[in-house]
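Q: Here it is, the structure, as structure tokens.
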Amino acid sequence: MKTFARFLLAGTMLLARCAWATEPSPVAFAKSVVSERGSQTFATVSYPDKTLIVEFRLEPYSAGKATAIRAFGEITKKIAQGAFSDFPKIKNVQLIGNLSLRDKRGHDTVERAVMVKFSKVKAATIKWDNVEPAKVVEIADKHWILPELAVDKK
């Protein structure tokens with residue numbers, strides 16, 4: 001009887017570990033969203049101090065400078081909304097979009113094109129389904145856009 005109880009206990013422990021191991025993490029979630037269009041080789045995801053940081057290339061999602069902000073907004077909506085709803089311990093979500101640009105001398109460089117940071121408090125006040133992807137950057141707690149991509153508001 002003791003042997004049976006030991007096997008039962010060991011089996012329960014193994015199953016519990018397997019269930020814990022298959023539980024999705026914020027990093028795995030963000031990587032799955034970014035890699036939907038094959039950008040996994042250009043994405044970096046980290047989770048320090050309950051802040052999900054996702055840095056990715058915009059080329060697989062946009063046709064160039066004209067659509068970069070809208071494409072970034074679409075990805076940001078998916079990641080921010082999903083991260084805050086699925087992982088309650090997350091306090092902040094920061095996304096960084098990089099874009100390959102050509103400088104004045106004709107050299108191609110990868111530059112930080114756009115960055116947003118949402119706090120959990122701010123994200124809770126947003127109706128994500130009603131936000132236009134091109135406007136996501138403007139409603140973030142903190143944001144930065146490469147001047148070349150900024151829309152002229154005159």
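Chain identifiers are assigned as A, B, and so on, following the order in which chains appear in the structure tokens; residues are numbered from 1 within each chain, and ligands are numbered from 1 in order of appearance.
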As a PyMOL selection string, which residues of segment 50-146 of chain A does DSSP assign to alpha helix (DSSP H)?

A: chain A and resi 65-86+120-124

Q: So which residues touch Ile75 of chain A within 8 Å, counting only C-alpha atoms, skipping near sequence neighbours fewer than 3 positions away, as a PDB file with C-alpha atoms, in the first residue's frame?

A:
```
ATOM      1  CA  VAL A  33       2.006  37.700 -31.485  1.00  0.00           C
ATOM      2  CA  VAL A  34       5.101  39.225 -33.064  1.00  0.00           C
ATOM      3  CA  ALA A  71       1.273  48.546 -38.302  1.00  0.00           C
ATOM      4  CA  PHE A  72       2.974  49.267 -34.983  1.00  0.00           C
ATOM      5  CA  LYS A  78      -2.775  42.885 -29.552  1.00  0.00           C
ATOM      6  CA  ILE A  79       0.141  42.663 -27.148  1.00  0.00           C
TER       7      ILE A  79
END
```

Q: Using only C-alpha atoms, which of the listed residues (A:Val27, A:Ile139, A:Leu146, A:Leu101) sits closest to Val114 of chain A?

A: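 Looking only at the distances to Val114 of chain A, the closest residue turns out to be A:Leu146.
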
Q: Which residues come within 12 Å of Val131 of chain A, counting only C-alpha atoms, excluding same-chain residues fewer than 4 positions away, as a PDB file with C-alpha atoms, in the first residue's frame?

A:
```pdb
ATOM      1  CA  ARG A  70      -0.454  51.945 -38.204  1.00  0.00           C
ATOM      2  CA  GLY A  73      -0.404  50.238 -33.497  1.00  0.00           C
ATOM      3  CA  GLU A  74      -1.995  46.960 -34.600  1.00  0.00           C
ATOM      4  CA  THR A  76       0.687  47.118 -29.836  1.00  0.00           C
ATOM      5  CA  LYS A  77      -3.067  46.676 -29.402  1.00  0.00           C
ATOM      6  CA  LYS A  78      -2.775  42.885 -29.552  1.00  0.00           C
ATOM      7  CA  GLN A  81      -4.568  44.153 -24.429  1.00  0.00           C
ATOM      8  CA  ALA A 123      -4.516  50.392 -20.117  1.00  0.00           C
ATOM      9  CA  THR A 125      -9.205  52.793 -19.033  1.00  0.00           C
ATOM     10  CA  ILE A 126      -8.833  52.066 -22.766  1.00  0.00           C
ATOM     11  CA  LYS A 127     -11.521  50.415 -24.919  1.00  0.00           C
ATOM     12  CA  LYS A 135      -3.838  56.484 -32.766  1.00  0.00           C
ATOM     13  CA  VAL A 136      -2.445  53.909 -30.303  1.00  0.00           C
ATOM     14  CA  VAL A 137       0.850  55.767 -29.974  1.00  0.00           C
ATOM     15  CA  GLU A 138      -0.904  58.980 -28.933  1.00  0.00           C
ATOM     16  CA  ILE A 139      -2.807  57.384 -26.023  1.00  0.00           C
ATOM     17  CA  ALA A 140       0.193  55.720 -24.370  1.00  0.00           C
TER      18      ALA A 140
END
```

Q: What is the distance, in Å and to one decimal place, between atom CA of Leu99 of chain A and atom CA of Ala80 of chain A?

A: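 Straight-line distance from atom CA of Leu99 of chain A to atom CA of Ala80 of chain A works out to 20.5 Å.
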
Q: With a cut-off of 10 Å, could you pull out the residues of segment 89-117 of chain A touching segment 48-68 of chain A and give me the nearest pair of atoms for each, distance in Å to one decimal, using only C-alpha atoms, ordered by chain and ascending number, as JSON lines?

A:
```
{"residue": "A:Lys89", "atom": "CA", "partner": "A:Lys50", "partner_atom": "CA", "distance": 6.6}
{"residue": "A:Ile90", "atom": "CA", "partner": "A:Lys50", "partner_atom": "CA", "distance": 4.9}
{"residue": "A:Lys91", "atom": "CA", "partner": "A:Lys50", "partner_atom": "CA", "distance": 5.6}
{"residue": "A:Asn92", "atom": "CA", "partner": "A:Thr51", "partner_atom": "CA", "distance": 4.6}
{"residue": "A:Val93", "atom": "CA", "partner": "A:Leu52", "partner_atom": "CA", "distance": 4.8}
{"residue": "A:Gln94", "atom": "CA", "partner": "A:Ile53", "partner_atom": "CA", "distance": 4.8}
{"residue": "A:Leu95", "atom": "CA", "partner": "A:Val54", "partner_atom": "CA", "distance": 4.8}
{"residue": "A:Ile96", "atom": "CA", "partner": "A:Glu55", "partner_atom": "CA", "distance": 4.5}
{"residue": "A:Gly97", "atom": "CA", "partner": "A:Phe56", "partner_atom": "CA", "distance": 5.3}
{"residue": "A:Asn98", "atom": "CA", "partner": "A:Arg57", "partner_atom": "CA", "distance": 4.7}
{"residue": "A:Leu99", "atom": "CA", "partner": "A:Leu58", "partner_atom": "CA", "distance": 5.6}
{"residue": "A:Ser100", "atom": "CA", "partner": "A:Glu59", "partner_atom": "CA", "distance": 7.6}
{"residue": "A:Leu101", "atom": "CA", "partner": "A:Lys65", "partner_atom": "CA", "distance": 9.0}
{"residue": "A:Val110", "atom": "CA", "partner": "A:Arg57", "partner_atom": "CA", "distance": 8.6}
{"residue": "A:Glu111", "atom": "CA", "partner": "A:Arg57", "partner_atom": "CA", "distance": 9.4}
{"residue": "A:Arg112", "atom": "CA", "partner": "A:Arg57", "partner_atom": "CA", "distance": 9.0}
{"residue": "A:Ala113", "atom": "CA", "partner": "A:Ala68", "partner_atom": "CA", "distance": 8.5}
{"residue": "A:Val114", "atom": "CA", "partner": "A:Ala68", "partner_atom": "CA", "distance": 8.8}
{"residue": "A:Met115", "atom": "CA", "partner": "A:Glu55", "partner_atom": "CA", "distance": 8.9}
{"residue": "A:Lys117", "atom": "CA", "partner": "A:Ile53", "partner_atom": "CA", "distance": 8.9}
```

Q: So that I have them on file, write out the residues from the current selection with N, CA and C atoms, as a PDB file, in the first residue's frame.

A:
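Wrote again-v1.pdb, looks like this:
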```pdb
ATOM      1  N   LYS A  89      -0.070  40.030 -13.206  1.00  0.00           N
ATOM      2  CA  LYS A  89       1.086  40.549 -12.467  1.00  0.00           C
ATOM      3  C   LYS A  89       1.859  41.616 -13.241  1.00  0.00           C
ATOM      4  N   ILE A  90       1.597  41.749 -14.540  1.00  0.00           N
ATOM      5  CA  ILE A  90       2.300  42.744 -15.354  1.00  0.00           C
ATOM      6  C   ILE A  90       1.877  44.144 -14.926  1.00  0.00           C
ATOM      7  N   LYS A  91       2.865  45.015 -14.725  1.00  0.00           N
ATOM      8  CA  LYS A  91       2.584  46.402 -14.342  1.00  0.00           C
ATOM      9  C   LYS A  91       2.686  47.348 -15.539  1.00  0.00           C
ATOM     10  N   ASN A  92       3.594  47.042 -16.471  1.00  0.00           N
ATOM     11  CA  ASN A  92       3.813  47.902 -17.637  1.00  0.00           C
ATOM     12  C   ASN A  92       4.089  47.054 -18.871  1.00  0.00           C
ATOM     13  N   VAL A  93       3.743  47.607 -20.025  1.00  0.00           N
ATOM     14  CA  VAL A  93       4.084  47.001 -21.306  1.00  0.00           C
ATOM     15  C   VAL A  93       4.749  48.081 -22.149  1.00  0.00           C
ATOM     16  N   GLN A  94       5.950  47.771 -22.630  1.00  0.00           N
ATOM     17  CA  GLN A  94       6.684  48.714 -23.471  1.00  0.00           C
ATOM     18  C   GLN A  94       6.976  48.032 -24.802  1.00  0.00           C
ATOM     19  N   LEU A  95       6.657  48.715 -25.890  1.00  0.00           N
ATOM     20  CA  LEU A  95       6.921  48.181 -27.223  1.00  0.00           C
ATOM     21  C   LEU A  95       7.793  49.146 -27.992  1.00  0.00           C
ATOM     22  N   ILE A  96       8.742  48.580 -28.739  1.00  0.00           N
ATOM     23  CA  ILE A  96       9.686  49.365 -29.522  1.00  0.00           C
ATOM     24  C   ILE A  96       9.680  48.806 -30.934  1.00  0.00           C
ATOM     25  N   GLY A  97       9.424  49.671 -31.902  1.00  0.00           N
ATOM     26  CA  GLY A  97       9.434  49.262 -33.301  1.00  0.00           C
ATOM     27  C   GLY A  97      10.655  49.820 -34.008  1.00  0.00           C
ATOM     28  N   ASN A  98      11.438  48.953 -34.611  1.00  0.00           N
ATOM     29  CA  ASN A  98      12.630  49.356 -35.346  1.00  0.00           C
ATOM     30  C   ASN A  98      12.364  49.284 -36.842  1.00  0.00           C
ATOM     31  N   LEU A  99      13.010  50.153 -37.591  1.00  0.00           N
ATOM     32  CA  LEU A  99      12.789  50.219 -39.025  1.00  0.00           C
ATOM     33  C   LEU A  99      14.128  50.441 -39.720  1.00  0.00           C
ATOM     34  N   SER A 100      14.318  49.787 -40.837  1.00  0.00           N
ATOM     35  CA  SER A 100      15.520  49.976 -41.632  1.00  0.00           C
ATOM     36  C   SER A 100      15.356  51.257 -42.444  1.00  0.00           C
ATOM     37  N   LEU A 101      16.283  52.185 -42.257  1.00  0.00           N
ATOM     38  CA  LEU A 101      16.223  53.480 -42.940  1.00  0.00           C
ATOM     39  C   LEU A 101      17.529  53.757 -43.672  1.00  0.00           C
ATOM     40  N   VAL A 110      19.451  50.293 -39.087  1.00  0.00           N
ATOM     41  CA  VAL A 110      18.227  49.958 -38.368  1.00  0.00           C
ATOM     42  C   VAL A 110      18.106  50.939 -37.208  1.00  0.00           C
ATOM     43  N   GLU A 111      17.022  51.694 -37.209  1.00  0.00           N
ATOM     44  CA  GLU A 111      16.811  52.739 -36.212  1.00  0.00           C
ATOM     45  C   GLU A 111      15.547  52.468 -35.407  1.00  0.00           C
ATOM     46  N   ARG A 112      15.537  52.973 -34.202  1.00  0.00           N
ATOM     47  CA  ARG A 112      14.316  52.933 -33.387  1.00  0.00           C
ATOM     48  C   ARG A 112      13.350  53.941 -34.008  1.00  0.00           C
ATOM     49  N   ALA A 113      12.205  53.445 -34.464  1.00  0.00           N
ATOM     50  CA  ALA A 113      11.252  54.304 -35.156  1.00  0.00           C
ATOM     51  C   ALA A 113      10.135  54.797 -34.245  1.00  0.00           C
ATOM     52  N   VAL A 114       9.678  53.940 -33.346  1.00  0.00           N
ATOM     53  CA  VAL A 114       8.555  54.302 -32.477  1.00  0.00           C
ATOM     54  C   VAL A 114       8.632  53.498 -31.185  1.00  0.00           C
ATOM     55  N   MET A 115       8.210  54.138 -30.078  1.00  0.00           N
ATOM     56  CA  MET A 115       8.223  53.478 -28.778  1.00  0.00           C
ATOM     57  C   MET A 115       7.003  53.931 -27.993  1.00  0.00           C
ATOM     58  N   LYS A 117       4.855  53.106 -24.060  1.00  0.00           N
ATOM     59  CA  LYS A 117       4.832  52.419 -22.775  1.00  0.00           C
ATOM     60  C   LYS A 117       3.466  52.649 -22.152  1.00  0.00           C
TER      61      LYS A 117
END
```

Q: Skip Pro24 of chain A itself and residues of its chain fewer than 5 positions away, then list as a PDB file with N, CA and C atoms, in the first residue's frame all residues within 10 Å of it, counting only C-alpha atoms.

A:
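Result file out15.pdb:
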```
ATOM      1  N   PHE A  29       3.869  34.667 -24.904  1.00  0.00           N
ATOM      2  CA  PHE A  29       2.699  35.297 -25.512  1.00  0.00           C
ATOM      3  C   PHE A  29       3.129  36.378 -26.504  1.00  0.00           C
ATOM      4  N   ASP A  86      -4.371  38.704 -19.673  1.00  0.00           N
ATOM      5  CA  ASP A  86      -3.973  37.321 -19.409  1.00  0.00           C
ATOM      6  C   ASP A  86      -2.949  37.153 -18.292  1.00  0.00           C
ATOM      7  N   PHE A  87      -2.198  38.207 -17.995  1.00  0.00           N
ATOM      8  CA  PHE A  87      -1.128  38.122 -16.990  1.00  0.00           C
ATOM      9  C   PHE A  87      -1.285  39.263 -15.988  1.00  0.00           C
TER      10      PHE A  87
END
```

Q: When DSSP works through the backbone of this structure, what residues of segment 19-91 of chain A end up as strand (DSSP E), shown as a ChimeraX atom specification?

A: /A:44-46,51-57

Q: Within 10 Å of Ala124 of chain A, counting only C-alpha atoms, which residues show up once you throw out same-chain ones fewer than 5 positions away? Write them as a VMD selection string, please.

A: chain A and resid 81 84 to 85 118 to 119

Q: Those same residues, written as an mmCIF file, in the first residue's frame with all heavy atoms?

A:
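Output file result-v2.cif is given in full below:
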```cif
data_model
loop_
_atom_site.group_PDB
_atom_site.id
_atom_site.type_symbol
_atom_site.label_atom_id
_atom_site.label_comp_id
_atom_site.auth_asym_id
_atom_site.auth_seq_id
_atom_site.Cartn_x
_atom_site.Cartn_y
_atom_site.Cartn_z
ATOM 1 N N GLN A 81 -3.272 44.645 -24.887
ATOM 2 C CA GLN A 81 -4.568 44.153 -24.429
ATOM 3 C C GLN A 81 -4.453 42.727 -23.897
ATOM 4 O O GLN A 81 -4.943 42.409 -22.813
ATOM 5 C CB GLN A 81 -5.576 44.213 -25.574
ATOM 6 C CG GLN A 81 -6.972 43.808 -25.181
ATOM 7 C CD GLN A 81 -7.949 43.918 -26.352
ATOM 8 O OE1 GLN A 81 -7.553 44.012 -27.499
ATOM 9 N NE2 GLN A 81 -9.217 43.906 -26.045
ATOM 10 N N PHE A 84 -2.112 42.476 -20.481
ATOM 11 C CA PHE A 84 -2.741 42.946 -19.249
ATOM 12 C C PHE A 84 -3.920 42.073 -18.837
ATOM 13 O O PHE A 84 -4.169 41.885 -17.655
ATOM 14 C CB PHE A 84 -3.179 44.400 -19.378
ATOM 15 C CG PHE A 84 -2.039 45.387 -19.329
ATOM 16 C CD1 PHE A 84 -1.828 46.277 -20.365
ATOM 17 C CD2 PHE A 84 -1.178 45.415 -18.245
ATOM 18 C CE1 PHE A 84 -0.783 47.189 -20.321
ATOM 19 C CE2 PHE A 84 -0.126 46.317 -18.189
ATOM 20 C CZ PHE A 84 0.072 47.208 -19.233
ATOM 21 N N SER A 85 -4.646 41.509 -19.806
ATOM 22 C CA SER A 85 -5.798 40.686 -19.430
ATOM 23 C C SER A 85 -5.393 39.260 -19.044
ATOM 24 O O SER A 85 -5.993 38.673 -18.151
ATOM 25 C CB SER A 85 -6.831 40.656 -20.560
ATOM 26 O OG SER A 85 -6.300 40.018 -21.697
ATOM 27 N N PHE A 118 2.796 51.542 -21.813
ATOM 28 C CA PHE A 118 1.491 51.595 -21.164
ATOM 29 C C PHE A 118 1.609 51.053 -19.757
ATOM 30 O O PHE A 118 2.213 50.007 -19.540
ATOM 31 C CB PHE A 118 0.468 50.732 -21.912
ATOM 32 C CG PHE A 118 -0.007 51.312 -23.207
ATOM 33 C CD1 PHE A 118 0.576 50.930 -24.401
ATOM 34 C CD2 PHE A 118 -1.034 52.232 -23.230
ATOM 35 C CE1 PHE A 118 0.139 51.455 -25.599
ATOM 36 C CE2 PHE A 118 -1.484 52.760 -24.421
ATOM 37 C CZ PHE A 118 -0.896 52.379 -25.612
ATOM 38 N N SER A 119 1.002 51.752 -18.810
ATOM 39 C CA SER A 119 0.899 51.224 -17.451
ATOM 40 C C SER A 119 -0.397 50.432 -17.358
ATOM 41 O O SER A 119 -1.316 50.615 -18.167
ATOM 42 C CB SER A 119 0.885 52.364 -16.433
ATOM 43 O OG SER A 119 -0.313 53.112 -16.554
#
```
